[in-house]
Structure formats: structure tokens, C-alpha cells
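One structure is given here, and the rest of the page talks about it.
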Amino acid sequence: QECLCWKGPLFIVRMSERASDLHASDVIGVLHESFESNIQTINSGPFYLYASRSVYVGKNVTFKVNGKETDLVMTINESGVCEFKGDDRFRPKSETLVALETLRKGRNEIEARINFLEKSDPTDSDPFGTTFDFWLWDKEDVVCIMDIDGTITKSDVRGVLASSIQGAVSDTASKLFSALSLSENTTGRAREQLKPVLGKDYIHDGVAEALSFLSSCDIQILYLTARPITWAAATRAFMQQVGRLSGQPLPRGAVVTTEAPTARWLTVSHEEFKTRVLVQTAALFGAGARPWVAGVGNQGSDVAAYGAAGVPPE
């Protein structure tokens with residue numbers, strides 16, 4: 001069990017729940033349509049899911065897409081990594097994705113769950129399940145790449161700290177904000193006290209406005225971070241919550257992390273990881289495609305990765 005207590009002069013919030021043992025990065029797919037032959041194909045990026053306990057080895061993971069059960073199944077291997085059966089361990093076949101009735105262009109909510117035990121109380125947190133997004137883009141879409149730590153946040157370390165506070169317990173930040181909104185007495189001074197903890201003071205001024213403008217121009221946003229996959233849910237929660245205090249939410253976009261768990265994360269080369277993801281993502285659009293309109297980062301490794309993937313230098 002994990003518990004967070006927040007004590008202030010105006011309120012006390014107490015929550016207790018168990019974080020999920022299943023972790024997932026967002027997934028990107030690109031839709032190709034032939035109107036002459038009425039054929040659709042979907043090129044999918046890898047499904048990276050990780051189970052953090054050895055007791056799950058050999059168990060299956062099943063999926064819902066936008067609330068509807070599917071035939072998608074992955075199996076947890078001895079390293080905790082989830083795999084599809086077949087030649088490609090991490091990518092479902094195009095015809096499988098096209099056949100999904102509820103899959104649509106844009107953001108799709110995916111619910112993944114380990115078939116381990118039945119959930120006794122639907123109101124409890126689910127240690128065997130997690131949610132992530134499958135972003136179905138069109139082959140004509142263009143993309144802006146955004147680093148998170150030090151680029152959206154004011155520094156690499158403070159950004160991670162802010163995410164850890166918000167995401168250490170599933171939807172903690174949402175519950176805090178809900179608690180604040182229950183009483184008019186807690187929306188002034190208490191909200192100001194929470195600002196440095198829950199996000200506003202951790203992000204650069206103007207970032208949300210700039211990204212919102214790009215999104216309004218139908219530019220897809222790829223939030224690319226070298227954080228471990230075990231931080232994926234916390235990172236998504238942080239990205240969704242920071243706008244509640246600033247008054248300008250960050251536009252939704254694919255949040256892609258490394259596939260490495262925390263224990264192996266320190267060995268990951270940020271440049272190599274980001275280059276690989278961007279090259280793989282560009283390939284989803286077709287041979288020789290360069291869907292990038294811009295790449296924004298604060299490290300030399302970001303610049304090198306963006307350049308290697310064909311992002312325009314200016």
C-alpha cells in the first residue's frame with residue numbers, strides 16, 4: 001500500500017492505493033488509405049509493456065480499445081517484457097488493427113490487464129492493469145517533437161521530481177485537485193501552496209501556449225522522453241495536470257518513454273534511444289518520409305538525435 005498525506009492550514013487529504021505492476025509507453029500508428037482500391041493499412045509502432053514482478057511470468061495481457069474488448073493478447077516473458085506471438089514480438093499485424101471496431105483516428109485509450117486475479121472491487125485501484133494511448137495518425141500528418149525534462153520543465157531534475165510527486169500514486173494529482181474544488185475555502189491560499197508541488201512552477205512560461213498553437217494548426221505532438229517505462233504513467237499524469245494551475249493545458253500527444261525499467265534505465269543512451277524511436281516513427285509514414293516540422297530539446301543529445309532522424313535544422 002502507498003499513502004500520501006498533504007497537510008496545510010486549510011485542508012488535509014489522505015489517499016491510499018496500490019500502484020500498478022504493469023507499465024506501458026504510448027504507441028503510435030499511421031493510417032494509410034487507398035481510396036481507389038478502398039484498402040486501409042495501419043503501420044504500428046512497438047507496444048512496449050513491462051510487468052514489474054516475477055510472479056506474472058507466463059501470464060497473458062489482454063486489451064480493451066476505447067472500452068471494447070479485443071482479441072489482442074501479449075504474454076509476459078522471463079524478463080517481465082510483454083510479447084505478441086508471431087514474427088514481430090511487439091507489433092500487431094495491420095489487418096488486426098484495421099479490424100478493431102473502436103479504433104479511430106487520433107487518441108485511443110487502451111486498457112491493458114494481466115490475467116492474474118479477478119478484481120474484487122471495481123472501485124479499487126488495479127495492480128494488474130494500466131492505461132495508455134494508441135495514437136493513430138494519418139500518413140499526411142506532420143509532427144513536432146518535444147523533449148520534456150529541461151525543455152517543458154525548467155530543469156531535468158525538478159521535472160522528474162514534480163512528476164514523481166504527482167505520479168507516485170495513480171491519479172493522486174486528480175484527487176488533490178478534486179479535494180480542492182470541494183470547498184470555496186480551499187481554492188485560494190491552499191491552491192497557491194500546491195503550485196510549486198504540482199506543476200506550474202516547474203514548467204517554462206509560454207510552453208503550453210506555444211504547443212497549443214501548434215496543435216490548433218493540426219500538428220501532432222510527440223512528447224519524447226528518455227525516462228524509464230516504469231515512469232510512463234507518472235509522466236502522463238504530470239503532463240495532464242500542469243495546465244490546471246497555469247490555466248493553459250498542454251495539448252494531448254503521444255508520450256513515448258524508453259522500454260527499460262528503472263533498474264536498467266541508467267544504461268540507456270538518450271541519444272541512441274531517441275534516434276531509434278524517431279527513425280522508426282518516420283518509417284511508419286512510408287519509405288523516405290520525413291514528417292517532422294520541428295524538434296525541441298535542451299541537450300546536445302536531443303539535437304544529435306533529431307538531426308540523425310532528419311528533423312530540419314531550422
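Lettering and numbering for the C-alpha cells are positional, with chains as A, B, ... in the shown order, residues counted from 1 in each chain, and ligands counted from 1 in the shown order.
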Tell me, as a VMD selection string, which residues lie within 9 Å of region 216-232 of chain A, counting only C-alpha atoms; anything in the same chain fewer than 6 positions away does not count. chain A and resid 21 to 26 48 to 50 52 132 137 141 to 149 160 163 to 164 167 to 168 251 to 266 268 to 271 273 to 274 277 293
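In the backbone-derived DSSP annotation, strand (DSSP E) within region 210-272 of chain A comprises A:Ile219, A:Gln220, A:Ile221, A:Leu222, A:Tyr223, A:Leu224, A:Ala254, A:Val255, A:Val256.
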Show which residues sit within 9 Å of Tyr56 (chain A), as an NGL selection string. Count only C-alpha atoms, and ignore same-chain residues fewer than 2 positions away. :A and (51-54 or 58-60 or 76-78 or 80 or 114-116)
